[in-house]
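Following: one structure in structure tokens, then a few remarks.
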Amino acid sequence: MSKGNDTARTPVHLYVHVPVCRLKCAYCDFFSVAVFDLPMSTAELAEALTRQAVAWSARGLDARPLETLYVGGGTPTILGPSLATLVSSLRECLGFAEGAEITIEANPDSLDDRLVDLLAEAGVTRVSLGVQSFHDDVLRLLGRPHDASRALAAARTVRESGLALSLDVMCGIPGQSMGSWVASLEYAIATGAQHVSVYPLSLESGTPMAAEVLLGRLAEPDPDVAADMMTAACEILTREGFTHYEISNYARPGFESRHNTAYWSGKEYTGVGPGAHGMLSATTARAAGLVVPDEVARVRYAIACDFTYGLDEAPRADIETLSAQEAAREDVMLGLRMMAGVTVASVEDAELTAVLERMAGLGLTECVDGRWRLTARGWLLGNEVFSAVWAGE
Amino acid sequence: MTDPALIRNFSIIAHIDHGKSTLADRILELTHTVEERDMVEQVLDSMDIERERGITIKAQAVRVMYDADDGKTYQLNLIDTPGHVDFTYEVSRSLAACEGVLLVVDAAQGVEAQTVANALMAMNAHLEIIPLINKIDLPAADPERVRHEIEEVLAVPADDAVLASGKTGQGVRDALEAVVRRVPAPAGDPDAPLKALIFDSYFDMYRGVVALVRIVDGAVSAGDKVRLLATDTTTEVEEVGVRRPANTPVGSLGVGEVGYLVTGLKDPSLVKVGDTVTLAKHGARAPLPGYRDVKPMVYTGLFPIDGDQYPDLRDALDKLRLNDPALVYEPESSHALGFGFRVGFLGLLHMEVVKERLEREFSLDLLATAPSVEYHAYLTNGQRVDVRSPQDMPDPSRLERIEEPYLMATILVPPDYIGAVMELAENRRGTFKDLQYLSATTVEMHYEIPLSELIMDFFDQLKSRTKGYASLDYEYIGYRPSELVKLDVLLAGKPVDALSFIVHKDKAYQRGKVLTEKLKAIIPRQLFEVPIQAAIGSKIISRETVSAKRKDVLAKCYGGDITRKRKLLEKQKEGKKRMKNLGSVEVPQEAFMAILKVDE
């Protein structure tokens with residue numbers, strides 16, 4: 001945190017939210033609209049996002065080049081060539097540091113050779129591909145607009161362009177067998193992806209899939225099955241040379257997501273676009289002209305999910321403020337998501353030593369080499385630890 | 001004082017939702033007792049719970065002046081009665097203060113269970129019954145069919161039933177005319193010593209206990225020294241008045257009149273429903289008939305979820321009891337739940353209402369243990385122990401025998417449901433006594449049945465198995481020996497006293513099995529495996545296991561998720577706080593009520 005610095009500087013991590021999809025998936029509750037509901041052209045959307053990003057950086061803060069950029073959604077690739085323009089404009093207006101990580105989230109159905117080439121030219125370094133599964137029946141159940149062969153083709157395209165590839169795969173889906181899950185993982189590894197994210201299906205209220213379960217037309221995801229599948233994924237991926245570096249994330253050495261790691265280690269980041277979030281220290285927020293009460297140490301904001309107010313240069317946003325103690329607890333809570341854990345000193349500062357010792361007694365945490373981290377058992381029961389840490393008791 | 005010839009005392013009785021309170025509202029408007037602009041719905045139901053649930057818990061009385069068609073002005077006293085089987089005794093005393101009733105029947109729904117029970121009570125009290133077919137403005141109204149039902153099922157002539165709508169006000173005047181013409185004027189001896197029937201009482205913060213009374217003989221004035229016969233209490237009446245519906249002092253109350261007495265007493269338990277008020281000097285010797293000392297039928301443990309609220313719970317109970325003398329309580333402590341009270345109630349509705357008022361009006365979070373009755377345990381040394389809580393049960397080795405309270409249950413039901421009633425009653429250890437056809441559509445059945453079985457959702461079951469047609473009334477018939485055992489529940493190997501209950505030996509295995517299954521479904525998975533066992537003495541009779549939770553983690557947590565997921569964790573934590581931590585096991589509150597529903 002930049003608390004105490006004389007001149008506040010712009011955060012070096014930027015998230016751009018592209019709240020548009022071709023179709024909404026059955027399990028998704030993120031803010032996004034179908035592309036035919038977008039009240040503007042994709043080019044206009046890309047321009048508005050750029051303007052907002054620049055505006056954030058021009059509010060009395062000393063500009064710094066970006067270390068990481070993550071364009072997520074939604075389905076950013078639906079912007080087509082405008083997506084490459086967006087990245088180039090950000091480079092022009094804000095600049096990127098040497099070796100910056102520039103990630104684009106993509107869906108297999110909206111990613112082709114031409115777009116990948118354009119993105120690579122614009123300086124994109126990494127593509128995060130939401131394949132979810134390599135089985136057509138599972139993909140249909142999830143309401144994904146692509147099939148397995150399309151997913152494999154998209155992965156190959158990314159690899160051939162020389163960009164780093166990350167794949168999202170999903171387990172614990174009703175009807176998915178352990179066999180098909182392991183096969184999906186093996187396909188994922190075979191694509192040559194350097195990074196794999198493993199998510200158990202979670203039912204979010206208000207989604208079509210949650211309604212299907214409520215109506216009894218779909219079996220409820222079984223947490224024990226998900227636990228078995230997550231454990232199997234961990235074994236397979238680590239055996240294949242991946243490092244399990246966060247609850248859901250595996251990477252070959254050097255390919256950990258630097259952008260996401262910033263989220264888990266209390267770094268400031270700005271977010272632009274309807275539905276995007278950002279986090280600033282109180283110092284930075286004040287320097288950027290926000291009115292922040294004295295006792296506040298950290299500000300989180302969420303931009304309105306709206307194409308008028310949410311795309312403004314000074315967008316409407318929900319603000320959440322955290323005290324120094326809350327921020328310290330949040331850092332421990334998020335830091336423990338990473339397998340490397342957090343330092344003993346940061347736990348002491350947050351007055352959480354007793355909590356983590358109690359959790360250690362339950363076999364959920366351990367203190368090794370001056371760091372607190374989750375145990376193999378605590379990994380899958382993280383919420384027990386996180387809620388105790390956040391509550392401070 | 002009014003000439004008794006110009007007084008009519010009546011009550012409105014009805015099945016729930018047949019429009020009793022709305023009709024009462026219209027009567028108050030028509031007689032200008034309450035002006036339209038001051039009107040709130042259900043004027044006479046003053047408690048929030050009464051208005052919300054559409055039930056009447058406390059009796060009420062209101063005097064209205066009515067200019068009748070015969071040119072005379074009549075004093076009409078409308079006595080509103082509670083309408084639930086828990087309050088049968090209170091209803092009987094309210095009815096004893098009347099000479100007639102308006103029997104309200106919904107023009108679409110027709111005669112229902114409570115209509116029958118109410119009508120029978122009115123008949124037993126020898127009251128004039130005026131049928132009133134209500135809600136005739138409804139599209140589905142069928143007054144002819146309902147008229148026929150009233151005659152057929154209740155044997156009440158319905159040729160001149162009043163047709164009315166509480167909603168539009170139609171027929172309300174006809175109803176009052178019928179009251180004037182058909183309800184007898186009160187008969188009483190103005191020269192005899194005072195006899196006044198107490199049909200309800202309440203506590204006024206500034207004035208103490210106020211009794212609602214009906215003067216049977218004689219008269220009472222402010223300043224009179226009076227005696228309450230049942231509790232042998234003498235006091236000076238501070239004020240006499242009538243309710244219109246606000247208290248309005250009058251000089252005195254004479255024969256047939258209904259009003260209130262400010263008793264000057266501070267202890268509500270001295271002023272009992274059904275008691276007789278007479279003069280301290282040269283008073284009546286014999287009380288009015290029908291008085292009963294009302295005893296709690298059902299006991300439950302009430303514990304604050306937050307132990308710090310124990311003093312607040314005690315204060316709240318003290319306050320509630322001022323207006324509800326039927327409420328009794330004594331301190332109780334539980335290993336599992338800490339300090340609380342064993343509270344006695346008239347029945348399950350009474351219990352629910354009290355619990356809800358405690359939680360709502362006093363902001364308490366309470367945990368209620370399974371209801372129990374009072375058992376009599378006779379020890380080998382001849383001593384008797386009153387067992388109101390399973391914890392009081394003596395060790396079996398010292399026990400000679402146990403007795404439990406029995407009731408004579410009267411069930412009225414259409415003939416089609418006889419089988420359903422028999423099955424339920426026998427399942428609940430009921431002994432069949434007799435069966436009679438009251439009409440082609442109504443059968444009366446009698447069972448002797450343990451009270452403990454009746455409080456286990458018997459009424460709900462009866463209703464659901466007879467599509468709501470059955471009505472239930474019961475009468476206490478005394479204690480009888482019974483083969484009862486105490487069933488204990490162990491969670492993670494530790495007995496949980498608050499989950500123990502007393503059950504008939506023949507049913508212990510089945511109840512134990514169903515209860516452990518229910519608890520398994522209710523208790524969420526924890527970090528460790530939780531065995532659930534049911535035991536009689538040292539013998540385990542059934543066992544289930546809640547397996548350890550293996551996965552509980554928010555897998556996706558990126559920039560946009562942090563606030564939201566943190567809130568989710570906070571919510572989960574809140575949910576946990578509502579649970580009771582027993583040793584290392586988090587137990588939701590429903591677990592303590594699961595015992596109630598182990599029959600099906």
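In the structure tokens, chains take letters A, B, ... by order of appearance, with residues numbered from 1 within each chain and ligands from 1 in the order shown.
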
7 Å contact set for Val272 in chain A, only C-alpha atoms, chain neighbours under 6 positions out, as a PDB file with all heavy atoms, in the first residue's frame:
```pdb
ATOM      1  N   TYR A  15      -7.993  -3.252 -14.588  1.00  0.00           N
ATOM      2  CA  TYR A  15      -8.948  -4.246 -15.075  1.00  0.00           C
ATOM      3  C   TYR A  15      -9.977  -3.533 -15.940  1.00  0.00           C
ATOM      4  O   TYR A  15     -10.518  -2.495 -15.548  1.00  0.00           O
ATOM      5  CB  TYR A  15      -9.655  -4.933 -13.899  1.00  0.00           C
ATOM      6  CG  TYR A  15     -10.758  -5.865 -14.330  1.00  0.00           C
ATOM      7  CD1 TYR A  15     -10.454  -7.120 -14.877  1.00  0.00           C
ATOM      8  CD2 TYR A  15     -12.097  -5.496 -14.235  1.00  0.00           C
ATOM      9  CE1 TYR A  15     -11.451  -7.976 -15.306  1.00  0.00           C
ATOM     10  CE2 TYR A  15     -13.110  -6.352 -14.658  1.00  0.00           C
ATOM     11  CZ  TYR A  15     -12.782  -7.583 -15.194  1.00  0.00           C
ATOM     12  OH  TYR A  15     -13.773  -8.432 -15.624  1.00  0.00           O
ATOM     13  N   VAL A  16     -10.222  -4.073 -17.129  1.00  0.00           N
ATOM     14  CA  VAL A  16     -11.239  -3.499 -18.008  1.00  0.00           C
ATOM     15  C   VAL A  16     -12.353  -4.518 -18.165  1.00  0.00           C
ATOM     16  O   VAL A  16     -12.092  -5.669 -18.532  1.00  0.00           O
ATOM     17  CB  VAL A  16     -10.647  -3.147 -19.394  1.00  0.00           C
ATOM     18  CG1 VAL A  16     -11.754  -2.625 -20.317  1.00  0.00           C
ATOM     19  CG2 VAL A  16      -9.531  -2.120 -19.252  1.00  0.00           C
ATOM     20  N   HIS A  17     -13.572  -4.110 -17.824  1.00  0.00           N
ATOM     21  CA  HIS A  17     -14.686  -5.045 -17.910  1.00  0.00           C
ATOM     22  C   HIS A  17     -15.474  -4.805 -19.191  1.00  0.00           C
ATOM     23  O   HIS A  17     -15.942  -3.693 -19.441  1.00  0.00           O
ATOM     24  CB  HIS A  17     -15.608  -4.869 -16.694  1.00  0.00           C
ATOM     25  CG  HIS A  17     -16.628  -5.953 -16.563  1.00  0.00           C
ATOM     26  ND1 HIS A  17     -16.298  -7.259 -16.287  1.00  0.00           N
ATOM     27  CD2 HIS A  17     -17.981  -5.925 -16.680  1.00  0.00           C
ATOM     28  CE1 HIS A  17     -17.397  -8.003 -16.228  1.00  0.00           C
ATOM     29  NE2 HIS A  17     -18.435  -7.215 -16.476  1.00  0.00           N
ATOM     30  N   LEU A  49     -14.534   2.832 -22.966  1.00  0.00           N
ATOM     31  CA  LEU A  49     -13.740   2.173 -21.918  1.00  0.00           C
ATOM     32  C   LEU A  49     -12.369   2.822 -21.808  1.00  0.00           C
ATOM     33  O   LEU A  49     -11.861   3.073 -20.713  1.00  0.00           O
ATOM     34  CB  LEU A  49     -13.610   0.670 -22.219  1.00  0.00           C
ATOM     35  CG  LEU A  49     -14.903  -0.152 -22.067  1.00  0.00           C
ATOM     36  CD1 LEU A  49     -14.730  -1.546 -22.664  1.00  0.00           C
ATOM     37  CD2 LEU A  49     -15.311  -0.239 -20.600  1.00  0.00           C
ATOM     38  N   GLN A  52     -12.588   6.179 -20.091  1.00  0.00           N
ATOM     39  CA  GLN A  52     -12.765   6.074 -18.640  1.00  0.00           C
ATOM     40  C   GLN A  52     -11.445   5.715 -17.955  1.00  0.00           C
ATOM     41  O   GLN A  52     -11.111   6.249 -16.902  1.00  0.00           O
ATOM     42  CB  GLN A  52     -13.825   5.014 -18.320  1.00  0.00           C
ATOM     43  CG  GLN A  52     -14.386   5.162 -16.919  1.00  0.00           C
ATOM     44  CD  GLN A  52     -15.400   4.085 -16.609  1.00  0.00           C
ATOM     45  OE1 GLN A  52     -15.045   2.911 -16.494  1.00  0.00           O
ATOM     46  NE2 GLN A  52     -16.657   4.456 -16.490  1.00  0.00           N
ATOM     47  N   ALA A  53     -10.673   4.816 -18.592  1.00  0.00           N
ATOM     48  CA  ALA A  53      -9.393   4.408 -17.997  1.00  0.00           C
ATOM     49  C   ALA A  53      -8.452   5.598 -17.906  1.00  0.00           C
ATOM     50  O   ALA A  53      -7.767   5.807 -16.903  1.00  0.00           O
ATOM     51  CB  ALA A  53      -8.769   3.286 -18.833  1.00  0.00           C
TER      52      ALA A  53
END
```

Sorted by chain and rising residue number, list the residues of chain A at most 10 Å from chain B (counting only C-alpha atoms), each with its closest atom pair and distance in Å to one decimal, as JSON lines.
```
{"residue": "A:Tyr15", "atom": "CA", "partner": "B:Gly559", "partner_atom": "CA", "distance": 8.3}
{"residue": "A:His17", "atom": "CA", "partner": "B:Gly560", "partner_atom": "CA", "distance": 9.7}
{"residue": "A:Phe30", "atom": "CA", "partner": "B:Gly560", "partner_atom": "CA", "distance": 9.3}
{"residue": "A:Ser197", "atom": "CA", "partner": "B:Lys556", "partner_atom": "CA", "distance": 9.3}
{"residue": "A:Val198", "atom": "CA", "partner": "B:Ala555", "partner_atom": "CA", "distance": 8.3}
{"residue": "A:Tyr199", "atom": "CA", "partner": "B:Ala555", "partner_atom": "CA", "distance": 6.0}
{"residue": "A:Pro200", "atom": "CA", "partner": "B:Ala555", "partner_atom": "CA", "distance": 7.0}
{"residue": "A:Leu201", "atom": "CA", "partner": "B:Ala555", "partner_atom": "CA", "distance": 9.1}
{"residue": "A:Ser202", "atom": "CA", "partner": "B:Ala555", "partner_atom": "CA", "distance": 8.7}
{"residue": "A:Asp222", "atom": "CA", "partner": "B:Lys551", "partner_atom": "CA", "distance": 9.7}
{"residue": "A:Pro223", "atom": "CA", "partner": "B:Lys551", "partner_atom": "CA", "distance": 5.9}
{"residue": "A:Asp224", "atom": "CA", "partner": "B:Arg550", "partner_atom": "CA", "distance": 6.2}
{"residue": "A:Val225", "atom": "CA", "partner": "B:Lys551", "partner_atom": "CA", "distance": 9.3}
{"residue": "A:Ala226", "atom": "CA", "partner": "B:Lys551", "partner_atom": "CA", "distance": 7.6}
{"residue": "A:Ala227", "atom": "CA", "partner": "B:Lys551", "partner_atom": "CA", "distance": 5.6}
{"residue": "A:Asp228", "atom": "CA", "partner": "B:Arg550", "partner_atom": "CA", "distance": 9.0}
{"residue": "A:Met230", "atom": "CA", "partner": "B:Lys551", "partner_atom": "CA", "distance": 9.4}
{"residue": "A:Glu246", "atom": "CA", "partner": "B:Ala555", "partner_atom": "CA", "distance": 9.4}
{"residue": "A:Ile247", "atom": "CA", "partner": "B:Ala555", "partner_atom": "CA", "distance": 6.5}
{"residue": "A:Ser248", "atom": "CA", "partner": "B:Ala555", "partner_atom": "CA", "distance": 5.8}
{"residue": "A:Asn249", "atom": "CA", "partner": "B:Ala555", "partner_atom": "CA", "distance": 9.3}
{"residue": "A:His259", "atom": "CA", "partner": "B:Gly559", "partner_atom": "CA", "distance": 9.5}
{"residue": "A:Asn260", "atom": "CA", "partner": "B:Tyr558", "partner_atom": "CA", "distance": 6.5}
{"residue": "A:Thr261", "atom": "CA", "partner": "B:Tyr558", "partner_atom": "CA", "distance": 9.0}
{"residue": "A:Ala262", "atom": "CA", "partner": "B:Gly559", "partner_atom": "CA", "distance": 8.9}
{"residue": "A:Tyr263", "atom": "CA", "partner": "B:Gly559", "partner_atom": "CA", "distance": 5.7}
{"residue": "A:Trp264", "atom": "CA", "partner": "B:Tyr558", "partner_atom": "CA", "distance": 7.8}
{"residue": "A:Tyr269", "atom": "CA", "partner": "B:Gly559", "partner_atom": "CA", "distance": 8.4}
{"residue": "A:Thr270", "atom": "CA", "partner": "B:Gly559", "partner_atom": "CA", "distance": 9.5}
{"residue": "A:Gly271", "atom": "CA", "partner": "B:Gly559", "partner_atom": "CA", "distance": 8.6}
{"residue": "A:Gly275", "atom": "CA", "partner": "B:Gly560", "partner_atom": "CA", "distance": 8.1}
{"residue": "A:Ala276", "atom": "CA", "partner": "B:Gly560", "partner_atom": "CA", "distance": 6.4}
{"residue": "A:His277", "atom": "CA", "partner": "B:Gly560", "partner_atom": "CA", "distance": 5.0}
{"residue": "A:Gly278", "atom": "CA", "partner": "B:Gly559", "partner_atom": "CA", "distance": 7.0}
{"residue": "A:Met279", "atom": "CA", "partner": "B:Gly559", "partner_atom": "CA", "distance": 8.1}
{"residue": "A:Arg300", "atom": "CA", "partner": "B:Thr563", "partner_atom": "CA", "distance": 7.8}
{"residue": "A:Tyr301", "atom": "CA", "partner": "B:Thr563", "partner_atom": "CA", "distance": 9.1}
{"residue": "A:Ala302", "atom": "CA", "partner": "B:Gly560", "partner_atom": "CA", "distance": 7.7}
{"residue": "A:Glu320", "atom": "CA", "partner": "B:Thr563", "partner_atom": "CA", "distance": 8.1}
{"residue": "A:Glu330", "atom": "CA", "partner": "B:Arg566", "partner_atom": "CA", "distance": 8.8}
{"residue": "A:Met333", "atom": "CA", "partner": "B:Arg566", "partner_atom": "CA", "distance": 9.5}
{"residue": "A:Leu334", "atom": "CA", "partner": "B:Cys557", "partner_atom": "CA", "distance": 8.5}
{"residue": "A:Arg337", "atom": "CA", "partner": "B:Cys557", "partner_atom": "CA", "distance": 8.8}
{"residue": "A:Leu362", "atom": "CA", "partner": "B:Leu527", "partner_atom": "CA", "distance": 8.1}
{"residue": "A:Gly363", "atom": "CA", "partner": "B:Leu527", "partner_atom": "CA", "distance": 9.7}
{"residue": "A:Leu364", "atom": "CA", "partner": "B:Leu527", "partner_atom": "CA", "distance": 9.7}
{"residue": "A:Arg377", "atom": "CA", "partner": "B:Arg550", "partner_atom": "CA", "distance": 8.1}
{"residue": "A:Gly378", "atom": "CA", "partner": "B:Lys551", "partner_atom": "CA", "distance": 9.1}
{"residue": "A:Trp379", "atom": "CA", "partner": "B:Val553", "partner_atom": "CA", "distance": 7.8}
{"residue": "A:Leu380", "atom": "CA", "partner": "B:Lys551", "partner_atom": "CA", "distance": 4.8}
{"residue": "A:Leu381", "atom": "CA", "partner": "B:Asp552", "partner_atom": "CA", "distance": 4.6}
{"residue": "A:Gly382", "atom": "CA", "partner": "B:Val553", "partner_atom": "CA", "distance": 4.9}
{"residue": "A:Asn383", "atom": "CA", "partner": "B:Val553", "partner_atom": "CA", "distance": 4.9}
{"residue": "A:Glu384", "atom": "CA", "partner": "B:Asp552", "partner_atom": "CA", "distance": 7.4}
{"residue": "A:Val385", "atom": "CA", "partner": "B:Val553", "partner_atom": "CA", "distance": 9.4}
{"residue": "A:Phe386", "atom": "CA", "partner": "B:Leu569", "partner_atom": "CA", "distance": 7.7}
{"residue": "A:Ser387", "atom": "CA", "partner": "B:Leu569", "partner_atom": "CA", "distance": 5.5}
{"residue": "A:Ala388", "atom": "CA", "partner": "B:Lys573", "partner_atom": "CA", "distance": 8.5}
{"residue": "A:Trp390", "atom": "CA", "partner": "B:Arg566", "partner_atom": "CA", "distance": 7.8}
{"residue": "A:Ala391", "atom": "CA", "partner": "B:Glu570", "partner_atom": "CA", "distance": 7.7}
```

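Each of B:Leu23, B:Ile7, B:Leu132, B:Val34 was compared to Cys98 in chain B using only C-alpha atoms, and B:Ile7 turns out to be the nearest.
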
Can you list, as a ChimeraX atom specification, every protein, DNA or RNA residue that comes within 12 Å of Lys167 in chain B when you count only C-alpha atoms, leaving out same-chain residues fewer than 4 positions away? /B:18-27,41,134-138,171-172

With N, CA and C atoms retained, export the selected residues as a short mmCIF file (atom, residue, chain, number, x, y, z; two decimals), in the first residue's frame.
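Saved the output as again.cif:
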```
data_model
loop_
_atom_site.label_atom_id
_atom_site.label_comp_id
_atom_site.auth_asym_id
_atom_site.auth_seq_id
_atom_site.Cartn_x
_atom_site.Cartn_y
_atom_site.Cartn_z
N HIS B 18 -64.10 -16.28 8.80
CA HIS B 18 -65.47 -16.12 8.29
C HIS B 18 -65.97 -14.69 8.48
N GLY B 19 -65.11 -13.82 9.00
CA GLY B 19 -65.43 -12.39 8.96
C GLY B 19 -65.96 -11.80 10.25
N LYS B 20 -65.63 -12.46 11.38
CA LYS B 20 -66.14 -12.00 12.66
C LYS B 20 -65.68 -10.58 13.00
N SER B 21 -64.39 -10.34 12.88
CA SER B 21 -63.85 -9.04 13.31
C SER B 21 -64.33 -7.91 12.43
N THR B 22 -64.45 -8.17 11.13
CA THR B 22 -64.92 -7.13 10.21
C THR B 22 -66.38 -6.78 10.54
N LEU B 23 -67.16 -7.80 10.84
CA LEU B 23 -68.56 -7.57 11.20
C LEU B 23 -68.64 -6.71 12.47
N ALA B 24 -67.78 -7.03 13.45
CA ALA B 24 -67.76 -6.24 14.68
C ALA B 24 -67.41 -4.79 14.36
N ASP B 25 -66.45 -4.59 13.44
CA ASP B 25 -66.08 -3.23 13.04
C ASP B 25 -67.31 -2.47 12.51
N ARG B 26 -68.12 -3.15 11.66
CA ARG B 26 -69.29 -2.49 11.07
C ARG B 26 -70.32 -2.13 12.14
N ILE B 27 -70.46 -3.00 13.14
CA ILE B 27 -71.41 -2.73 14.21
C ILE B 27 -70.99 -1.47 14.96
N GLU B 41 -58.77 -1.41 11.18
CA GLU B 41 -59.38 -2.73 11.02
C GLU B 41 -59.24 -3.54 12.29
N ASN B 134 -72.62 -14.64 6.24
CA ASN B 134 -71.79 -13.47 5.97
C ASN B 134 -71.16 -13.55 4.59
N LYS B 135 -70.64 -12.44 4.13
CA LYS B 135 -69.93 -12.34 2.84
C LYS B 135 -70.85 -12.69 1.67
N ILE B 136 -72.13 -12.27 1.75
CA ILE B 136 -73.03 -12.60 0.66
C ILE B 136 -72.71 -11.81 -0.60
N ASP B 137 -71.78 -10.83 -0.49
CA ASP B 137 -71.37 -10.09 -1.68
C ASP B 137 -70.37 -10.88 -2.53
N LEU B 138 -69.85 -11.98 -2.00
CA LEU B 138 -68.87 -12.76 -2.76
C LEU B 138 -69.53 -13.40 -3.98
N GLY B 171 -76.97 -5.69 5.74
CA GLY B 171 -77.51 -6.65 6.70
C GLY B 171 -77.05 -6.45 8.13
N VAL B 172 -76.18 -5.49 8.37
CA VAL B 172 -75.67 -5.31 9.74
C VAL B 172 -76.79 -4.82 10.65
#
```

Give me, as a PyMOL selection string, all polymer residues having an atom no more than 9 Å from Gly256 in chain B, counting only C-alpha atoms and skipping those fewer than 5 positions away in the same chain. chain B and resi 2-4+7-9+97+185-188+214-217

So that I can check the secondary structure, give me every residue of range 469-581 of chain B assigned helix (DSSP H, G or I) by backbone DSSP, as a ChimeraX atom specification. /B:497-499,505-522,562-577

Restricting the output to C-alpha atoms, write the selected residues as an mmCIF file, in the first residue's frame.
```cif
data_model
loop_
_atom_site.group_PDB
_atom_site.id
_atom_site.type_symbol
_atom_site.label_atom_id
_atom_site.label_comp_id
_atom_site.auth_asym_id
_atom_site.auth_seq_id
_atom_site.Cartn_x
_atom_site.Cartn_y
_atom_site.Cartn_z
ATOM 1 C CA ASP B 497 -30.389 -32.588 27.913
ATOM 2 C CA ALA B 498 -32.531 -30.196 25.917
ATOM 3 C CA LEU B 499 -33.224 -32.920 23.353
ATOM 4 C CA LYS B 505 -42.199 -47.577 25.878
ATOM 5 C CA ASP B 506 -43.872 -49.069 22.793
ATOM 6 C CA LYS B 507 -43.075 -46.011 20.732
ATOM 7 C CA ALA B 508 -39.568 -45.326 21.955
ATOM 8 C CA TYR B 509 -37.770 -47.248 19.208
ATOM 9 C CA GLN B 510 -39.728 -45.749 16.386
ATOM 10 C CA ARG B 511 -39.476 -42.209 17.770
ATOM 11 C CA GLY B 512 -35.771 -42.618 18.446
ATOM 12 C CA LYS B 513 -35.163 -43.793 14.920
ATOM 13 C CA VAL B 514 -37.178 -41.054 13.268
ATOM 14 C CA LEU B 515 -35.661 -38.414 15.523
ATOM 15 C CA THR B 516 -32.069 -39.364 14.737
ATOM 16 C CA GLU B 517 -32.949 -39.347 11.037
ATOM 17 C CA LYS B 518 -34.549 -35.913 11.366
ATOM 18 C CA LEU B 519 -31.578 -34.560 13.278
ATOM 19 C CA LYS B 520 -29.272 -35.896 10.627
ATOM 20 C CA ALA B 521 -31.161 -33.892 8.043
ATOM 21 C CA ILE B 522 -31.216 -30.750 10.214
ATOM 22 C CA ILE B 562 -13.935 -9.622 -3.029
ATOM 23 C CA THR B 563 -16.620 -7.365 -1.527
ATOM 24 C CA ARG B 564 -19.415 -9.702 -2.526
ATOM 25 C CA LYS B 565 -17.755 -12.842 -1.231
ATOM 26 C CA ARG B 566 -16.798 -11.155 1.999
ATOM 27 C CA LYS B 567 -20.479 -10.268 2.500
ATOM 28 C CA LEU B 568 -21.374 -13.883 1.799
ATOM 29 C CA LEU B 569 -18.987 -15.056 4.502
ATOM 30 C CA GLU B 570 -20.477 -12.520 6.905
ATOM 31 C CA LYS B 571 -23.938 -13.864 6.166
ATOM 32 C CA GLN B 572 -22.829 -17.446 6.765
ATOM 33 C CA LYS B 573 -21.305 -16.344 10.042
ATOM 34 C CA GLU B 574 -24.573 -14.651 11.048
ATOM 35 C CA GLY B 575 -26.376 -17.915 10.307
ATOM 36 C CA LYS B 576 -23.964 -19.772 12.531
ATOM 37 C CA LYS B 577 -24.596 -17.366 15.353
#
```

From a backbone DSSP assignment, name each residue in range 312-392 of chain B labelled strand (DSSP E or B), as a ChimeraX atom specification. /B:328-334,338-345,366-368,372,375-379,384-387

What lies within 10 Å of Gly175 in chain A using only C-alpha atoms, ignoring chain neighbours under 6 positions off, as a tab-separated table (two decimals) with all heavy atoms, in the first residue's frame?
```tsv
chain	number	residue	atom	x	y	z
A	137	ASP	N	-21.56	-32.93	-24.06
A	137	ASP	CA	-22.79	-32.98	-23.25
A	137	ASP	C	-22.68	-32.05	-22.04
A	137	ASP	O	-23.63	-31.38	-21.66
A	137	ASP	CB	-23.13	-34.42	-22.84
A	137	ASP	CG	-21.92	-35.18	-22.34
A	137	ASP	OD1	-20.80	-34.65	-22.46
A	137	ASP	OD2	-22.09	-36.31	-21.82
A	138	VAL	N	-21.48	-31.97	-21.44
A	138	VAL	CA	-21.29	-31.06	-20.30
A	138	VAL	C	-21.41	-29.62	-20.78
A	138	VAL	O	-22.05	-28.78	-20.13
A	138	VAL	CB	-19.91	-31.32	-19.64
A	138	VAL	CG1	-19.60	-30.24	-18.61
A	138	VAL	CG2	-19.89	-32.71	-18.99
A	141	LEU	N	-25.00	-28.66	-21.19
A	141	LEU	CA	-25.66	-28.46	-19.90
A	141	LEU	C	-25.32	-27.08	-19.33
A	141	LEU	O	-26.16	-26.41	-18.74
A	141	LEU	CB	-25.21	-29.57	-18.93
A	141	LEU	CG	-25.85	-29.50	-17.55
A	141	LEU	CD1	-27.25	-30.10	-17.61
A	141	LEU	CD2	-25.02	-30.23	-16.52
A	218	LEU	N	-32.78	-30.67	-12.30
A	218	LEU	CA	-31.34	-30.89	-12.38
A	218	LEU	C	-30.86	-31.24	-10.97
A	218	LEU	O	-31.30	-30.64	-10.00
A	218	LEU	CB	-30.66	-29.59	-12.86
A	218	LEU	CG	-29.19	-29.66	-13.20
A	218	LEU	CD1	-28.97	-30.55	-14.42
A	218	LEU	CD2	-28.64	-28.27	-13.47
A	219	ALA	N	-29.95	-32.23	-10.90
A	219	ALA	CA	-29.44	-32.62	-9.58
A	219	ALA	C	-28.60	-31.49	-9.02
A	219	ALA	O	-27.91	-30.78	-9.75
A	219	ALA	CB	-28.60	-33.89	-9.71
A	221	PRO	N	-25.44	-29.84	-7.37
A	221	PRO	CA	-24.03	-30.24	-7.36
A	221	PRO	C	-23.67	-30.84	-5.99
A	221	PRO	O	-24.04	-30.27	-4.97
A	221	PRO	CB	-23.28	-28.94	-7.60
A	221	PRO	CG	-24.26	-28.00	-8.19
A	221	PRO	CD	-25.61	-28.42	-7.69
```
